[in-house]
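Down below is the structure, laid out as structure tokens.
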2 protein chains.
Amino acid sequence: MSTEQQQQQSQSQSQPSVEVVVATPAKVSNSKKSKKESQSFTLKVPKGTKDWADKDMVIREGIFSTLTSLFKSHGGVTIDTPVFELREILAGKYGEDSKLIYNLEDQGGELTSLRYDLTVPFARYVAMNGISNIKRYHIAKVYRRDQPAMTKGRMREFYQCDFDVAGTYDSMVPDAEIMNILVTGLKNLGIKDFKIKLNHRKILDGIFEVCGVQNEDVRKVSSAVDKLDKSPWEVVKKEMVEEKNQPESVADKIGEFVKLNGSIRDVLKQLSDNDELMSNESAKTGIQEITLMADYLEAFEVDQFISFDMSLARGLDYYTGVIYEAVTAQSAPPKDAAEKKAKANAKANANASKSSEEDASEYVGVGSIAAGGRYDKLVGMFLGSNSKGKAAPSIPCVGVSFGVERIFSLIKQRSELVDKIRPTSTQVYIMAFGGGEGWNGFMKERMVVASQLWKAGIECEYLYKTKANPRKQFESAEKSGCPIGVILGKEEYPQGKIRVKVLGTGNEKDDGDLIDIADLVDVVKGKLETLKVGGVDDITRLMGDL
Amino acid sequence: MSTEQQQQQSQSQSQPSVEVVVATPAKVSNSKKSKKESQSFTLKVPKGTKDWADKDMVIREGIFSTLTSLFKSHGGVTIDTPVFELREILAGKYGEDSKLIYNLEDQGGELTSLRYDLTVPFARYVAMNGISNIKRYHIAKVYRRDQPAMTKGRMREFYQCDFDVAGTYDSMVPDAEIMNILVTGLKNLGIKDFKIKLNHRKILDGIFEVCGVQNEDVRKVSSAVDKLDKSPWEVVKKEMVEEKNQPESVADKIGEFVKLNGSIRDVLKQLSDNDELMSNESAKTGIQEITLMADYLEAFEVDQFISFDMSLARGLDYYTGVIYEAVTAQSAPPKDAAEKKAKANAKANANASKSSEEDASEYVGVGSIAAGGRYDKLVGMFLGSNSKGKAAPSIPCVGVSFGVERIFSLIKQRSELVDKIRPTSTQVYIMAFGGGEGWNGFMKERMVVASQLWKAGIECEYLYKTKANPRKQFESAEKSGCPIGVILGKEEYPQGKIRVKVLGTGNEKDDGDLIDIADLVDVVKGKLETLKVGGVDDITRLMGDL
């Protein structure tokens with residue numbers, strides 16, 4: 001790798017990277033004193049990856065913990081699949097994006113690749129184990145050799161949090177529950193300002209058919225529509241006409257449909273009023289399904305979060321039914337207020353069909369924070385055909401994937417929350433005060449006290465120094481941010497007494513309460529009931545509260 | 001890959017593997033109706049990997065949760081590093097085992113490899129971020145292209161649970177705490193029958209020096225000693241003399257030393273009584289350090305779990321101080337009692353120096369379930385040298401790694417525990433009973449009730465069927481193993497009434513309590529206080545109790 005490349009990579013990362021000359025033993029295994037070789041390289045993590053630590057780690061674990069509780073409360077079980085799959089399992093599942101798959105080196109044996117998402121491994125698992133129904137969640141890393149954009153949260157290694165329901169069930173019942181999970185998940189994470197864009201592949205297919213798109217062109221026209229969240233209609237139309245060879249009249253007709261968005265009931269009415277569309281079998285089926293789901297979403301009281309939006313197409317090929325994507329305005333770059341207003345006016349004029357109070361396009365451009373849909377045929381791709389060459393029936397699936405990195409960025413912006421996070425869970429700092437003749441620092445005594453607290457489930461620490469002065473110990477206690485100090489005094493401790501002091505009060509004259517050592521656990525537990533701070537439990541609570 | 005290879009691999013795995021002919025669209029991205037290509041392959045996971053699900057997953061999460069609580073209670077913070085590292089980071093760290101490293105394919109860009117353990121990435125992290133001290137835990141997968149032996153728990157992808165302390169501290173203070181964490185961790189996991197073998201690299205080096213081993217031969221002689229847990233002394237001696245070219249007198253002298261094992265105080269006395277050994281600087285330092293640690297281990301009341309054992313050498317090169325390894329007799333294959341007794345007698349005669357009541361060699365042969373040691377120079381390998389060519393001071397480290405897969409196997413054997421595990425956390429199953437004229441199945445009504453319970457944090461499910469008969473619904477409730485049924489009656493529900501029934505009592509005549517819908521959450525919460533079952537919280541508790 002050239003130095004130039006190295007520099008480019010360092011710049012694209014927030015991680016430190018240090019140029020070092022490292023001496024490594026030439027043959028570590030054979031001799032301690034062999035000749036050293038010098039090796040020069042930049043100390044860094046691979047491009048598009050990062051280390052997670054400190055408060056970031058607490059926030060991320062808080063996200064996992066919040067979503068895990070939610071998934072479990074809906075009867076979800078979790079599975080874990082290997083980080084790499086046989087290469088042939090991933091082949092033919094991701095269309096053009098297959099080029100982003102990380103391959104492992106052929107070191108003799110099977111050809112394998114790092115997983116690209118959690119959905120294909122899930123489908124492989126369901127097919128391989130002959131499972132007919134399962135509700136499973138999976139929180140794990142996936143890998144894409146994409147051009148990383150750290151600031152936008154696009155990484156080469158990143159987490160997905162997936163919940164999927166596999167099985168043959170009554171129409172829209174699991175689909176509606178997944179929508180409920182999507183809305184509740186974002187609310188539980190304290191995401192305030194989001195909308196769920198909803199569409200149906202069958203309606204979209206019907207629209208394309210009605211507009212005169214040939215069957216074989218449907219996917220490529222659909223992928224053009226998918227760009228409407230980033231590009232204006234004119235650009236998308238140009239792509240349809242010039243790159244995808246659609247007649248202009250076809251594109252214009254599509255343009256009228258994809259402008260439709262608003263509340264489910266309103267858009268359903270507009271679609272149902274369109275006789276041409278209703279005469280199309282595919283569209284009709286999709287509209288009936290959304291009509292049924294609307295009932296269920298109202299029962300769950302989540303319908304007000306939904307924007308039924310004909311411009312939502314979703315890139316992945318395997319979707320066959322409802323598709324959805326959560327977008328938020330929360331992290332949008334600050335815009336000039338005047339520009340925003342002008343845009344809103346222009347929109348109000350151009351789009352007479354808009355009926356919901358809020359417009360999902362307000363939320364566009366910051367990227368989706370969760371998405372999913374129904375994919376009824378993916379498991380079938382692994383089930384293959386039976387001995388008579390007849391395809392095995394597939395297992396229908398519907399699911400949602402939360403984008404952890406983007407949700408993380410939103411939460412990280414909430415400084416009132418971040419300020420309250422401590423990376424450690426330490427509740428008690430144990431100190432020994434003494435000095436003078438015969439003072440040994442009470443190292444063993446501090447260990448005995450710590451043992452007592454640990455056994456009672458109380459998180460505690462002490463300074464790893466046999467003779468430490470009080471100031472050093474207080475500094476460490478303060479650095480840990482823990483609420484309680486326990487002090488072993490040179491004279492007091494041998495008499496069975498110990499001090500418990502509430503830290504961080506600023507009252508330096510307070511020496512704490514002198515108590516019997518035998519009462520220590522009870523006293524500390526009592527004080528912690530009101531004082532306990534830090535850790536993932538805390539962040540989970542705070543995330544919902546603040 | 002040949003069919004023969006495939007079959008061999010299937011046999012080495014407990015996972016299902018299915019031969020299928022899979023039809024994949026030739027160009028998925030371009031057309032829905034393109035010509036299909038047939039592809040034949042075995043549906044399986046890569047060699048040496050497996051899917052985790054059901055109860056296994058609950059047990060494993062219970063292990064993680066138990067150890068995480070412990071690590072946090074000692075002030076640990078967690079970090080997460082990428083699953084692959086730059087290849088040069090891993091180079092020269094694992095001696096002969098480097099051949100087991102998984103490389104990623106060179107797809108243009110950096111050369112990277114999957115991590116082999118969590119220790120080297122930790123050292124890289126500490127060095128890269130200029131950290132002077134940290135207590136960190138890391139629970140994550142590591143990768144080794146070893147010959148898998150599923151039955152022995154040797155996998156190519158497996159978890160490690162590591163806790164390490166980096167920083168310059170007073171002698172043996174963090175080391176003793178790590179030993180405490182090791183013992184407490186195994187106890188909290190319900191592992192009953194374990195011993196910690198303890199040794200010190202400096203004592204071992206001193207012994208080799210005193211016995212006449214040349215400096216450049218120390219590592220290879222040490223790696224021969226390391227095999228004493230699997231092979232008898234005669235075999236190891238043969239290796240020393242014939243393969244490692246040591247004079248027989250040297251080997252015999254080593255043989256006397258490595259037989260030494262027992263309680264820390266006893267073995268310390270025997271070593272201290274050996275003037276020749278005490279005149280060796282390295283041995284003397286090691287003995288002094290263990291003497292100091294013995295004090296601390298007594299303060300922690302964990303000394304009785306330790307067997308100070310001169311035959312423990314540990315394979316990894318980077319250890320520089322104390323080394324330890326937890327072994328258990330729990331999963332030893334049943335032995336002929338007579339043979340066992342004869343062996344014990346023979347040992348009693350042969351090994352007069354044995355003084356602890358239990359002998360660690362009883363625990364030998366089933367593999368270590370946790371291990372670690374002090375490694376003071378690894379971080380320094382990444383810090384390199386400064387501009388004047390002077391090596392930067394390293395950051396001393398000491399740590400322990402729990403072997404999740406082996407601990408898992410031990411826990412899995414406890415059928416009284418496994419029987420109590422449920423894969424889901426579902427507490428309430430919501431059912432609708434009705435029929436006849438105008439019966440719509442109360443699908444929306446069940447959703448409304450479920451919403452109420454979910455909002456109150458109560459895990460619940462219902463059948464994904466609009467009109468389901470009572471038997472089907474009871475069967476599903478039973479299958480989920482949840483303790484409470486909530487029943488919406490066709491006549492009762494419209495009158496604001498709902499039934500709450502305790503499940504699994506076998507009393508079919510019990511129709512449950514008819515209550516006001518408004519009281520549902522309170523009534524269910526009340527019943528759950530005594531009935532709640534399942535999930536990771538439960539397994540964590542059970543693991544300690546049973």
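Letters for chains follow the order of the structure tokens (A, B, ...), residue numbers begin at 1 for each chain, and ligand numbers begin at 1 in the order shown.
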Under the rule of at most 9 Å, produce a per-residue listing of range 61-162 of chain A near range 420-423 of chain B: chain, number, name, the closest pair of atoms, and the distance in Å, as CSV, using only C-alpha atoms.
residue,atom,partner,partner_atom,distance
A:Gly76,CA,B:Pro423,CA,8.6
A:Val77,CA,B:Pro423,CA,6.1
A:Thr78,CA,B:Pro423,CA,8.3
Go ahead and dump the residues you just picked, N, CA and C atoms, as a short mmCIF file (atom, residue, chain, number, x, y, z; two decimals), in the first residue's frame.
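Written out: out-v8.cif:
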data_model
loop_
_atom_site.label_atom_id
_atom_site.label_comp_id
_atom_site.auth_asym_id
_atom_site.auth_seq_id
_atom_site.Cartn_x
_atom_site.Cartn_y
_atom_site.Cartn_z
N GLY A 76 -40.10 -13.19 20.28
CA GLY A 76 -38.95 -13.49 19.44
C GLY A 76 -37.91 -14.38 20.13
N VAL A 77 -37.30 -15.26 19.36
CA VAL A 77 -36.14 -16.01 19.83
C VAL A 77 -34.95 -15.52 19.01
N THR A 78 -33.76 -15.69 19.54
CA THR A 78 -32.61 -15.22 18.79
C THR A 78 -31.79 -16.39 18.25
#
### Task
Least-squares fit chain A onto chain B by Cα, in order, and just send back the RMSD.
0.1 Å
Close residues, Ile458 in chain B itself excluded, 7 Å, only C-alpha atoms, min 4 positions apart in chain, as a PDB file with C-alpha atoms, in the first residue's frame:
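Contents of result.pdb, freshly written:
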ATOM      1  CA  SER A  73     -41.829  -9.091  24.253  1.00  0.00           C
TER       2      SER A  73
ATOM      3  CA  GLN B 427     -45.575 -14.565  29.603  1.00  0.00           C
ATOM      4  CA  LEU B 453     -49.733  -5.516  27.659  1.00  0.00           C
ATOM      5  CA  TRP B 454     -46.739  -4.639  25.487  1.00  0.00           C
TER       6      TRP B 454
END
### Task
Quote the spacing between CA of Ser98 in chain B and CA of Val165 in chain B in Å to one decimal place.
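That distance, rounded to one decimal, is 25.2 Å.
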#### Entry: Among the residues B:Lys197, B:Lys253, B:Lys479, B:Lys412, the one that comes closest to chain A [using only C-alpha atoms]
B:Lys479
### Message
Which residues are near Glu461 in chain A? Cut-off 10 Å, only C-alpha atoms, ignore same chain within fewer than 6 positions. Put them as a count of residues only.
### Response
20
### Query
Which value, in Å to one decimal, gives the distance between CA of Ser171 in chain A and CA of Asp54 in chain B?
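Interatomic distance here is 27.0 Å.
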### Shell of 12 Å around Asn440 in chain A, only C-alpha atoms, local chain residues under 4 positions omitted, as a list in words
Ala432, Phe433, Gly434, Gly435, Gly436, Lys444, Glu445, Arg446, Lys465, Thr466, Lys467, Ala468, Asn469, Gly489 and Lys490 of chain A
Residues from last step as file, N, CA and C atoms, as a PDB file, in the first residue's frame:
ATOM      1  N   ALA A 432      -8.242   3.771  51.530  1.00  0.00           N
ATOM      2  CA  ALA A 432      -7.628   3.586  52.848  1.00  0.00           C
ATOM      3  C   ALA A 432      -6.886   4.857  53.206  1.00  0.00           C
ATOM      4  N   PHE A 433      -7.181   5.413  54.393  1.00  0.00           N
ATOM      5  CA  PHE A 433      -6.499   6.635  54.849  1.00  0.00           C
ATOM      6  C   PHE A 433      -5.635   6.305  56.063  1.00  0.00           C
ATOM      7  N   GLY A 434      -4.390   6.774  56.008  1.00  0.00           N
ATOM      8  CA  GLY A 434      -3.528   6.525  57.145  1.00  0.00           C
ATOM      9  C   GLY A 434      -2.212   7.248  56.938  1.00  0.00           C
ATOM     10  N   GLY A 435      -1.135   6.654  57.408  1.00  0.00           N
ATOM     11  CA  GLY A 435       0.166   7.284  57.252  1.00  0.00           C
ATOM     12  C   GLY A 435       0.962   7.118  58.523  1.00  0.00           C
ATOM     13  N   GLY A 436       2.170   7.599  58.486  1.00  0.00           N
ATOM     14  CA  GLY A 436       3.019   7.554  59.678  1.00  0.00           C
ATOM     15  C   GLY A 436       3.563   6.164  59.972  1.00  0.00           C
ATOM     16  N   LYS A 444      -4.572  -5.393  51.642  1.00  0.00           N
ATOM     17  CA  LYS A 444      -5.351  -6.616  51.874  1.00  0.00           C
ATOM     18  C   LYS A 444      -6.714  -6.293  52.471  1.00  0.00           C
ATOM     19  N   GLU A 445      -6.746  -5.306  53.356  1.00  0.00           N
ATOM     20  CA  GLU A 445      -8.011  -4.939  54.000  1.00  0.00           C
ATOM     21  C   GLU A 445      -9.001  -4.394  52.972  1.00  0.00           C
ATOM     22  N   ARG A 446      -8.478  -3.580  52.028  1.00  0.00           N
ATOM     23  CA  ARG A 446      -9.360  -3.074  50.976  1.00  0.00           C
ATOM     24  C   ARG A 446      -9.905  -4.228  50.131  1.00  0.00           C
ATOM     25  N   LYS A 465      -2.688   0.445  44.306  1.00  0.00           N
ATOM     26  CA  LYS A 465      -1.461   0.980  44.880  1.00  0.00           C
ATOM     27  C   LYS A 465      -1.489   0.624  46.363  1.00  0.00           C
ATOM     28  N   THR A 466      -0.426  -0.001  46.838  1.00  0.00           N
ATOM     29  CA  THR A 466      -0.459  -0.472  48.223  1.00  0.00           C
ATOM     30  C   THR A 466      -0.535   0.692  49.206  1.00  0.00           C
ATOM     31  N   LYS A 467       0.282   1.729  48.964  1.00  0.00           N
ATOM     32  CA  LYS A 467       0.189   2.913  49.839  1.00  0.00           C
ATOM     33  C   LYS A 467      -0.154   4.108  48.987  1.00  0.00           C
ATOM     34  N   ALA A 468      -1.414   4.525  49.055  1.00  0.00           N
ATOM     35  CA  ALA A 468      -1.855   5.631  48.210  1.00  0.00           C
ATOM     36  C   ALA A 468      -2.295   6.781  49.094  1.00  0.00           C
ATOM     37  N   ASN A 469      -1.966   7.998  48.694  1.00  0.00           N
ATOM     38  CA  ASN A 469      -2.426   9.122  49.521  1.00  0.00           C
ATOM     39  C   ASN A 469      -3.897   9.422  49.219  1.00  0.00           C
ATOM     40  N   GLY A 489     -10.124   3.716  57.779  1.00  0.00           N
ATOM     41  CA  GLY A 489      -9.208   4.564  58.526  1.00  0.00           C
ATOM     42  C   GLY A 489      -8.215   3.724  59.323  1.00  0.00           C
ATOM     43  N   LYS A 490      -6.990   4.238  59.427  1.00  0.00           N
ATOM     44  CA  LYS A 490      -5.915   3.500  60.102  1.00  0.00           C
ATOM     45  C   LYS A 490      -6.295   3.091  61.528  1.00  0.00           C
TER      46      LYS A 490
END
### Message
As an exercise, work out the distance from CA of Val142 in chain B to CA of Phe122 in chain B in Å and give it to one decimal place.
### Response
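That distance, rounded to one decimal, is 12.9 Å.
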### Task
From range 242-324 of chain B, collect each residue whose DSSP state is alpha helix (DSSP H) and return the set as a PyMOL selection string.
chain B and resi 248-258+264-272+275-278+281-299
### Task
Please provide the set of residues having any atom within 8 Å of Leu271 in chain A, restricted to only C-alpha atoms, with same-chain residues fewer than 5 positions apart removed, written as a ChimeraX atom specification.
/A:277-278,287
### Message
Residues within 6 Å of range 511-525 of chain A, please, as JSON, numbers by chain. Count only C-alpha atoms; anything in the same chain fewer than 3 positions from it doesn't count.
### Response
{"A": [496, 497, 498, 499, 500, 501, 528]}
### Query
Using only C-alpha atoms, which residue out of A:Met381, A:Leu43, A:Ile484, A:Ala371 lies closest to Ala123 in chain B?
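For Ala123 in chain B, the nearest of the candidates is A:Leu43.
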### Task
For each of A:Asp252, A:Tyr318, A:Ile487, A:Val267, take the minimum atom-to-atom distance to Gly92 in chain A, counting only C-alpha atoms, then give the residue where this is smallest.
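Among the listed residues, A:Tyr318 lies closest to Gly92 in chain A.
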